[in-house]
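Take a look at the structure below.
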Number of protein chains: 6
Amino acid sequence: MKNEKFMSESMQYLKEDYSDLYEGIVQLNDNVFSGKVLDVKTQKLIAIAMVCGTSDDRAIKAQMINGMKTCDISAEEIIDVLRIVLLISGKPAFTKSLEILYSIVK
Amino acid sequence: MKNEKFMSESMQYLKEDYSDLYEGIVQLNDNVFSGKVLDVKTQKLIAIAMVCGTSDDRAIKAQMINGMKTCDISAEEIIDVLRIVLLISGKPAFTKSLEILYSIVK
Amino acid sequence: MKNEKFMSESMQYLKEDYSDLYEGIVQLNDNVFSGKVLDVKTQKLIAIAMVCGTSDDRAIKAQMINGMKTCDISAEEIIDVLRIVLLISGKPAFTKSLEILYSIVK
Amino acid sequence: MKNEKFMSESMQYLKEDYSDLYEGIVQLNDNVFSGKVLDVKTQKLIAIAMVCGTSDDRAIKAQMINGMKTCDISAEEIIDVLRIVLLISGKPAFTKSLEILYSIVK
Amino acid sequence: MKNEKFMSESMQYLKEDYSDLYEGIVQLNDNVFSGKVLDVKTQKLIAIAMVCGTSDDRAIKAQMINGMKTCDISAEEIIDVLRIVLLISGKPAFTKSLEILYSIVK
Amino acid sequence: MKNEKFMSESMQYLKEDYSDLYEGIVQLNDNVFSGKVLDVKTQKLIAIAMVCGTSDDRAIKAQMINGMKTCDISAEEIIDVLRIVLLISGKPAFTKSLEILYSIVK
């Protein structure tokens, strides 16, 4: 789970060039996805919803793929997440997220 | 669930003055919290997280109280939500949400 | 139109303390609400919609009152604006704006 | 008007796979662009302004094209909308929207 | 510097109830305000600017007061920050931040 | 400094087609980057931070390149800016900005 974005080239550069900052982010990530009370899958669904509320294509795609891979989140479950995105963040955020979902699963 | 904000005075006015718009919102709300795949409690946790990512005090408080009342969401579970708010939306959003949570439960 | 916020105490302080910045804002404001192609009332409706998409209570209230006073915008017209706020920015933004509208007109 | 995004492949998939959600969005859209008090063109100008205040390229472009096609909104009118975007949402939002406008009309 | 918000009641509760999360935030904060390349005062000016771009009154006020106390940031310097807020985030964000500044210094 | 975006094709079109609006933006820009109290380099660091808090790729890249060219801002200094972006705006904003930085300097 916590390794989600650490594959990216830029995070590799960060690890080499600014290891203190890299380590801080690893610790923050571990601290967040602790699965202490809520299970990690539920936390991951929440993370997907939150990035869908922004306009950050890359983050939306990365969170969806990561949640599908590491927690077996299904397209149907993400659609249920997107219903809430429609209500809370509006239709443009919903439509963008829907397109990203379909670009992954279709 | 769907009645969450319909107790408010302004929604009552809306129902009287613009019933078509009011009905549209009721339908949208029912459509969203369908509990089709994810259970309603998980959807409610997601809704709490999403409003915590904004600066809207009233909505954050309303969603937390509604989730606690209708789905038995605990303070511990909301803290686990706020861990993700910290990661995705940053510390000011986290701190504001934490203060609202403690204003409810302490 | 352009005097909307220049009554506020803080803008008065700004005028005295940083007159160059104050003058720049006056010019920007005049430049915006030029009524060149769209009439000023339509521009004002747009300004109301845009601030309703944020969480800034003060700005929402100020824009609504200013539009009502200077351009005879009605509550009914603002409701039609809020329909678009619901679609584009979601229900929390809609609900907050609705409450501010009713706090002005009821 | 209400068909604006229903041509998109992802909305077609949604219609097939989750028809209840699709129908809910159609109803919401009809409810919003009712043309009850404000005419639809004015509402469309407002929708353009609101999406310009976000960073969602696709939505900005879609709203501009839709408004031009269905309501004969001109580039000059959109420039007048963008003046307000500059004032309310700042220069990066203005510049991005300007580039999208010129990519359509030049 | 790093103690800025740890005086607040809710952060005290967090320390008692969820010490792992509290410690994680202390470490994150120390990691951020490292003063490694930029001096801490410059970093603090940046933090003030960034919260002014949101609608979070409490965070804006807290960051301004903290910067004034711990780094001798002056009202004149914050006005220079707010010039950038006007350009990047628009006039409502500027006006709100200006009012908060004057509520502190007048 | 003030010429940062005036090289772009769309700003050239604006200058020709809507010279009053173009001139207004030039004046606003000059007014902002006045270097009256804070030096222009510090203001530029602040502008970089503020656009990193949005999802606007183009603006993030433009501000970074402009700051590097006109004020000799280094990658190390931008990393120190991004530490604050992580704290205030969260990890997706940080990661996106980091990728843009590395796309420029690597």
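We label chains A, B, ... in the order they appear in the structure tokens, count residues from 1 in each chain, and number ligands from 1 in the order shown.
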Return as a list in words the residues belonging to chain C that are within 12 Å of chain F, counting only C-alpha atoms. Tyr18, Ser19, Asp20, Leu21, Tyr22, Glu23, Gly24, Ile25, Val26, Gln27, Leu28, Asn29, Asp30, Asn31, Val32, Phe33, Ser34, Lys36 and Val37 of chain C
Please save all heavy atoms of the selected residues as a compact mmCIF listing (two decimals), in the first residue's frame.
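Contents of the output file result39.txt:
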# COMPACT_ATOMS: atom_id res chain seq x y z
N TYR C 18 -1.61 51.98 1.49
CA TYR C 18 -0.96 51.44 0.28
C TYR C 18 -1.78 51.90 -0.93
O TYR C 18 -2.44 51.09 -1.59
CB TYR C 18 -0.91 49.91 0.34
CG TYR C 18 -0.24 49.39 1.58
CD1 TYR C 18 -0.98 49.08 2.72
CD2 TYR C 18 1.15 49.23 1.63
CE1 TYR C 18 -0.36 48.63 3.87
CE2 TYR C 18 1.77 48.78 2.78
CZ TYR C 18 1.01 48.48 3.89
OH TYR C 18 1.63 48.03 5.03
N SER C 19 -1.73 53.18 -1.19
CA SER C 19 -2.63 53.76 -2.19
C SER C 19 -2.37 53.19 -3.59
O SER C 19 -3.30 53.07 -4.39
CB SER C 19 -2.51 55.29 -2.22
OG SER C 19 -1.18 55.66 -2.52
N ASP C 20 -1.14 52.81 -3.89
CA ASP C 20 -0.86 52.24 -5.22
C ASP C 20 -1.61 50.92 -5.42
O ASP C 20 -2.16 50.65 -6.49
CB ASP C 20 0.65 52.01 -5.42
CG ASP C 20 1.17 50.86 -4.56
OD1 ASP C 20 0.92 50.89 -3.34
OD2 ASP C 20 1.81 49.94 -5.10
N LEU C 21 -1.64 50.11 -4.38
CA LEU C 21 -2.33 48.82 -4.47
C LEU C 21 -3.84 49.05 -4.56
O LEU C 21 -4.54 48.43 -5.37
CB LEU C 21 -1.97 47.96 -3.25
CG LEU C 21 -2.60 46.57 -3.18
CD1 LEU C 21 -2.36 45.76 -4.43
CD2 LEU C 21 -2.05 45.81 -1.96
N TYR C 22 -4.31 49.99 -3.74
CA TYR C 22 -5.73 50.34 -3.79
C TYR C 22 -6.15 50.79 -5.19
O TYR C 22 -7.15 50.32 -5.73
CB TYR C 22 -6.03 51.43 -2.75
CG TYR C 22 -7.47 51.87 -2.73
CD1 TYR C 22 -8.41 51.19 -1.98
CD2 TYR C 22 -7.89 52.96 -3.48
CE1 TYR C 22 -9.74 51.58 -1.97
CE2 TYR C 22 -9.21 53.36 -3.48
CZ TYR C 22 -10.14 52.67 -2.73
OH TYR C 22 -11.45 53.06 -2.73
N GLU C 23 -5.36 51.68 -5.76
CA GLU C 23 -5.70 52.19 -7.10
C GLU C 23 -5.67 51.07 -8.14
O GLU C 23 -6.49 51.03 -9.06
CB GLU C 23 -4.74 53.31 -7.51
CG GLU C 23 -4.92 54.61 -6.75
CD GLU C 23 -6.35 55.14 -6.81
OE1 GLU C 23 -7.01 54.98 -7.86
OE2 GLU C 23 -6.81 55.70 -5.79
N GLY C 24 -4.73 50.16 -7.99
CA GLY C 24 -4.65 49.03 -8.91
C GLY C 24 -5.91 48.18 -8.88
O GLY C 24 -6.39 47.72 -9.92
N ILE C 25 -6.46 48.00 -7.67
CA ILE C 25 -7.67 47.19 -7.54
C ILE C 25 -8.88 47.92 -8.12
O ILE C 25 -9.74 47.31 -8.76
CB ILE C 25 -7.89 46.80 -6.06
CG1 ILE C 25 -6.75 45.87 -5.62
CG2 ILE C 25 -9.23 46.12 -5.87
CD1 ILE C 25 -6.72 45.57 -4.14
N VAL C 26 -8.94 49.24 -7.91
CA VAL C 26 -10.03 50.03 -8.51
C VAL C 26 -10.00 49.89 -10.03
O VAL C 26 -11.02 49.64 -10.68
CB VAL C 26 -9.91 51.52 -8.11
CG1 VAL C 26 -10.89 52.37 -8.93
CG2 VAL C 26 -10.16 51.70 -6.62
N GLN C 27 -8.80 50.01 -10.61
CA GLN C 27 -8.68 49.89 -12.07
C GLN C 27 -9.04 48.50 -12.57
O GLN C 27 -9.70 48.34 -13.59
CB GLN C 27 -7.24 50.22 -12.50
CG GLN C 27 -6.94 51.71 -12.51
CD GLN C 27 -5.47 52.00 -12.74
OE1 GLN C 27 -4.76 51.24 -13.38
NE2 GLN C 27 -5.01 53.11 -12.19
N LEU C 28 -8.59 47.48 -11.83
CA LEU C 28 -8.91 46.10 -12.20
C LEU C 28 -10.42 45.91 -12.20
O LEU C 28 -11.00 45.35 -13.14
CB LEU C 28 -8.24 45.13 -11.21
CG LEU C 28 -8.58 43.65 -11.37
CD1 LEU C 28 -8.10 43.11 -12.71
CD2 LEU C 28 -7.95 42.84 -10.23
N ASN C 29 -11.05 46.39 -11.15
CA ASN C 29 -12.50 46.25 -11.00
C ASN C 29 -13.26 46.95 -12.14
O ASN C 29 -14.18 46.39 -12.73
CB ASN C 29 -12.91 46.85 -9.66
CG ASN C 29 -14.16 46.22 -9.10
OD1 ASN C 29 -14.18 45.02 -8.83
ND2 ASN C 29 -15.21 47.01 -8.96
N ASP C 30 -12.83 48.17 -12.46
CA ASP C 30 -13.46 48.90 -13.57
C ASP C 30 -13.28 48.16 -14.89
O ASP C 30 -14.19 48.09 -15.71
CB ASP C 30 -12.84 50.30 -13.70
CG ASP C 30 -13.22 51.19 -12.54
OD1 ASP C 30 -14.02 50.74 -11.69
OD2 ASP C 30 -12.72 52.32 -12.47
N ASN C 31 -12.08 47.65 -15.06
CA ASN C 31 -11.74 46.92 -16.27
C ASN C 31 -12.65 45.68 -16.43
O ASN C 31 -13.07 45.35 -17.54
CB ASN C 31 -10.28 46.49 -16.20
CG ASN C 31 -9.69 46.22 -17.56
OD1 ASN C 31 -10.36 45.64 -18.40
ND2 ASN C 31 -8.46 46.62 -17.79
N VAL C 32 -12.93 45.03 -15.32
CA VAL C 32 -13.73 43.80 -15.35
C VAL C 32 -15.20 44.09 -15.64
O VAL C 32 -15.79 43.55 -16.56
CB VAL C 32 -13.59 43.03 -14.02
CG1 VAL C 32 -14.64 41.93 -13.92
CG2 VAL C 32 -12.18 42.46 -13.91
N PHE C 33 -15.78 44.96 -14.80
CA PHE C 33 -17.21 45.25 -14.97
C PHE C 33 -17.40 46.37 -15.98
O PHE C 33 -17.93 47.44 -15.67
CB PHE C 33 -17.85 45.59 -13.62
CG PHE C 33 -17.91 44.41 -12.70
CD1 PHE C 33 -17.09 44.32 -11.60
CD2 PHE C 33 -18.78 43.36 -12.97
CE1 PHE C 33 -17.13 43.22 -10.75
CE2 PHE C 33 -18.83 42.25 -12.13
CZ PHE C 33 -18.00 42.19 -11.02
N SER C 34 -16.95 46.09 -17.19
CA SER C 34 -16.94 47.13 -18.22
C SER C 34 -18.28 47.20 -18.94
O SER C 34 -18.61 48.22 -19.54
CB SER C 34 -15.85 46.81 -19.25
OG SER C 34 -16.13 45.56 -19.86
N LYS C 36 -18.99 45.85 -21.63
CA LYS C 36 -18.68 46.08 -23.05
C LYS C 36 -19.57 45.23 -23.96
O LYS C 36 -20.12 45.73 -24.92
CB LYS C 36 -17.21 45.75 -23.33
CG LYS C 36 -16.27 46.76 -22.72
CD LYS C 36 -15.11 47.10 -23.65
CE LYS C 36 -14.34 48.30 -23.07
NZ LYS C 36 -13.03 48.48 -23.66
N VAL C 37 -19.66 43.96 -23.66
CA VAL C 37 -20.45 43.08 -24.51
C VAL C 37 -21.64 42.56 -23.69
O VAL C 37 -22.79 42.80 -24.04
CB VAL C 37 -19.61 41.91 -25.05
CG1 VAL C 37 -20.42 41.08 -26.03
CG2 VAL C 37 -18.34 42.44 -25.72
For region 59-75 of chain E: contacts at 6 Å, only C-alpha atoms, fewer than 5 positions along chain excluded, given as an mmCIF file with C-alpha atoms, in the first residue's frame:
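In the end it all went to result18.cif:
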data_model
loop_
_atom_site.group_PDB
_atom_site.id
_atom_site.type_symbol
_atom_site.label_atom_id
_atom_site.label_comp_id
_atom_site.auth_asym_id
_atom_site.auth_seq_id
_atom_site.Cartn_x
_atom_site.Cartn_y
_atom_site.Cartn_z
ATOM 1 C CA LYS E 41 11.259 33.399 7.553
ATOM 2 C CA LYS E 44 6.892 31.190 6.738
ATOM 3 C CA ILE E 48 1.084 32.522 4.886
ATOM 4 C CA VAL E 51 -3.271 29.525 3.399
ATOM 5 C CA CYS E 52 -4.479 32.927 2.128
#
Filtered DSSP result for chain B, state alpha helix (DSSP H), as a PyMOL selection string: chain B and resi 9-17+19-32+40-52+57-71+75-89+91-105
Just the residues within 8 Å of Ile84 (chain B), please, counting only C-alpha atoms, with nothing from its chain fewer than 4 positions along; format it as a list in words. Val32, Phe33, Gln43, Ile46 and Ala47 of chain A; Ala49, Asp80 and Ile88 of chain B
Can I get the selection written as a compact mmCIF listing (two decimals), in the first residue's frame, with N, CA, C and O atoms?
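Okay, this is what ended up in again_16.txt:
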# COMPACT_ATOMS: atom_id res chain seq x y z
N VAL A 32 -0.70 7.16 7.94
CA VAL A 32 -2.06 7.37 7.45
C VAL A 32 -2.78 6.05 7.20
O VAL A 32 -3.85 5.81 7.74
N PHE A 33 -2.15 5.19 6.41
CA PHE A 33 -2.80 3.91 6.08
C PHE A 33 -2.45 2.86 7.13
O PHE A 33 -1.85 1.83 6.83
N GLN A 43 -10.11 2.84 3.78
CA GLN A 43 -9.27 4.04 3.71
C GLN A 43 -8.90 4.36 2.26
O GLN A 43 -8.85 5.52 1.86
N ILE A 46 -11.68 5.94 0.44
CA ILE A 46 -11.75 7.36 0.84
C ILE A 46 -10.70 8.18 0.09
O ILE A 46 -10.98 9.29 -0.38
N ALA A 47 -9.50 7.63 -0.03
CA ALA A 47 -8.44 8.35 -0.75
C ALA A 47 -8.82 8.56 -2.22
O ALA A 47 -8.58 9.64 -2.78
N ALA B 49 -15.10 12.55 4.60
CA ALA B 49 -13.75 12.86 4.12
C ALA B 49 -13.78 13.96 3.08
O ALA B 49 -12.98 14.90 3.12
N ASP B 80 -9.49 8.11 11.81
CA ASP B 80 -8.87 7.36 10.70
C ASP B 80 -9.18 8.00 9.34
O ASP B 80 -8.36 7.93 8.42
N ILE B 88 -3.99 13.83 1.91
CA ILE B 88 -4.48 14.26 0.59
C ILE B 88 -4.71 15.78 0.52
O ILE B 88 -4.46 16.39 -0.51
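Among the candidate residues B:Met11, B:Leu45, B:Gly35, B:Ile78, the one lying nearest to Thr95 (chain C) is B:Met11, with distances computed using only C-alpha atoms.
CA of Thr54 (chain F) is positioned 21.9 Å from CA of Glu9 (chain A).
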What lies within 10 Å of Lys106 (chain D) using only C-alpha atoms, ignoring chain neighbours under 2 positions off, as a list in words? Leu101, Tyr102, Ser103 and Ile104 of chain D; Ser10 and Tyr13 of chain F
Atoms to include: N, CA and C atoms. Write the selected residues as a PDB file, in the first residue's frame.
ATOM      1  N   LEU D 101      -9.951  29.061 -24.954  1.00  0.00           N
ATOM      2  CA  LEU D 101     -10.815  29.814 -25.873  1.00  0.00           C
ATOM      3  C   LEU D 101     -10.133  29.999 -27.229  1.00  0.00           C
ATOM      4  N   TYR D 102      -8.864  30.444 -27.207  1.00  0.00           N
ATOM      5  CA  TYR D 102      -8.176  30.695 -28.482  1.00  0.00           C
ATOM      6  C   TYR D 102      -7.902  29.400 -29.247  1.00  0.00           C
ATOM      7  N   SER D 103      -7.757  28.295 -28.517  1.00  0.00           N
ATOM      8  CA  SER D 103      -7.577  27.017 -29.219  1.00  0.00           C
ATOM      9  C   SER D 103      -8.846  26.622 -29.976  1.00  0.00           C
ATOM     10  N   ILE D 104      -9.975  27.150 -29.540  1.00  0.00           N
ATOM     11  CA  ILE D 104     -11.242  26.858 -30.216  1.00  0.00           C
ATOM     12  C   ILE D 104     -11.482  27.810 -31.390  1.00  0.00           C
TER      13      ILE D 104
ATOM     14  N   SER F  10      -1.540  33.217 -26.850  1.00  0.00           N
ATOM     15  CA  SER F  10      -2.869  33.692 -26.475  1.00  0.00           C
ATOM     16  C   SER F  10      -2.806  35.102 -25.888  1.00  0.00           C
ATOM     17  N   TYR F  13      -2.595  37.419 -28.835  1.00  0.00           N
ATOM     18  CA  TYR F  13      -3.933  37.615 -29.398  1.00  0.00           C
ATOM     19  C   TYR F  13      -4.726  38.616 -28.550  1.00  0.00           C
TER      20      TYR F  13
END
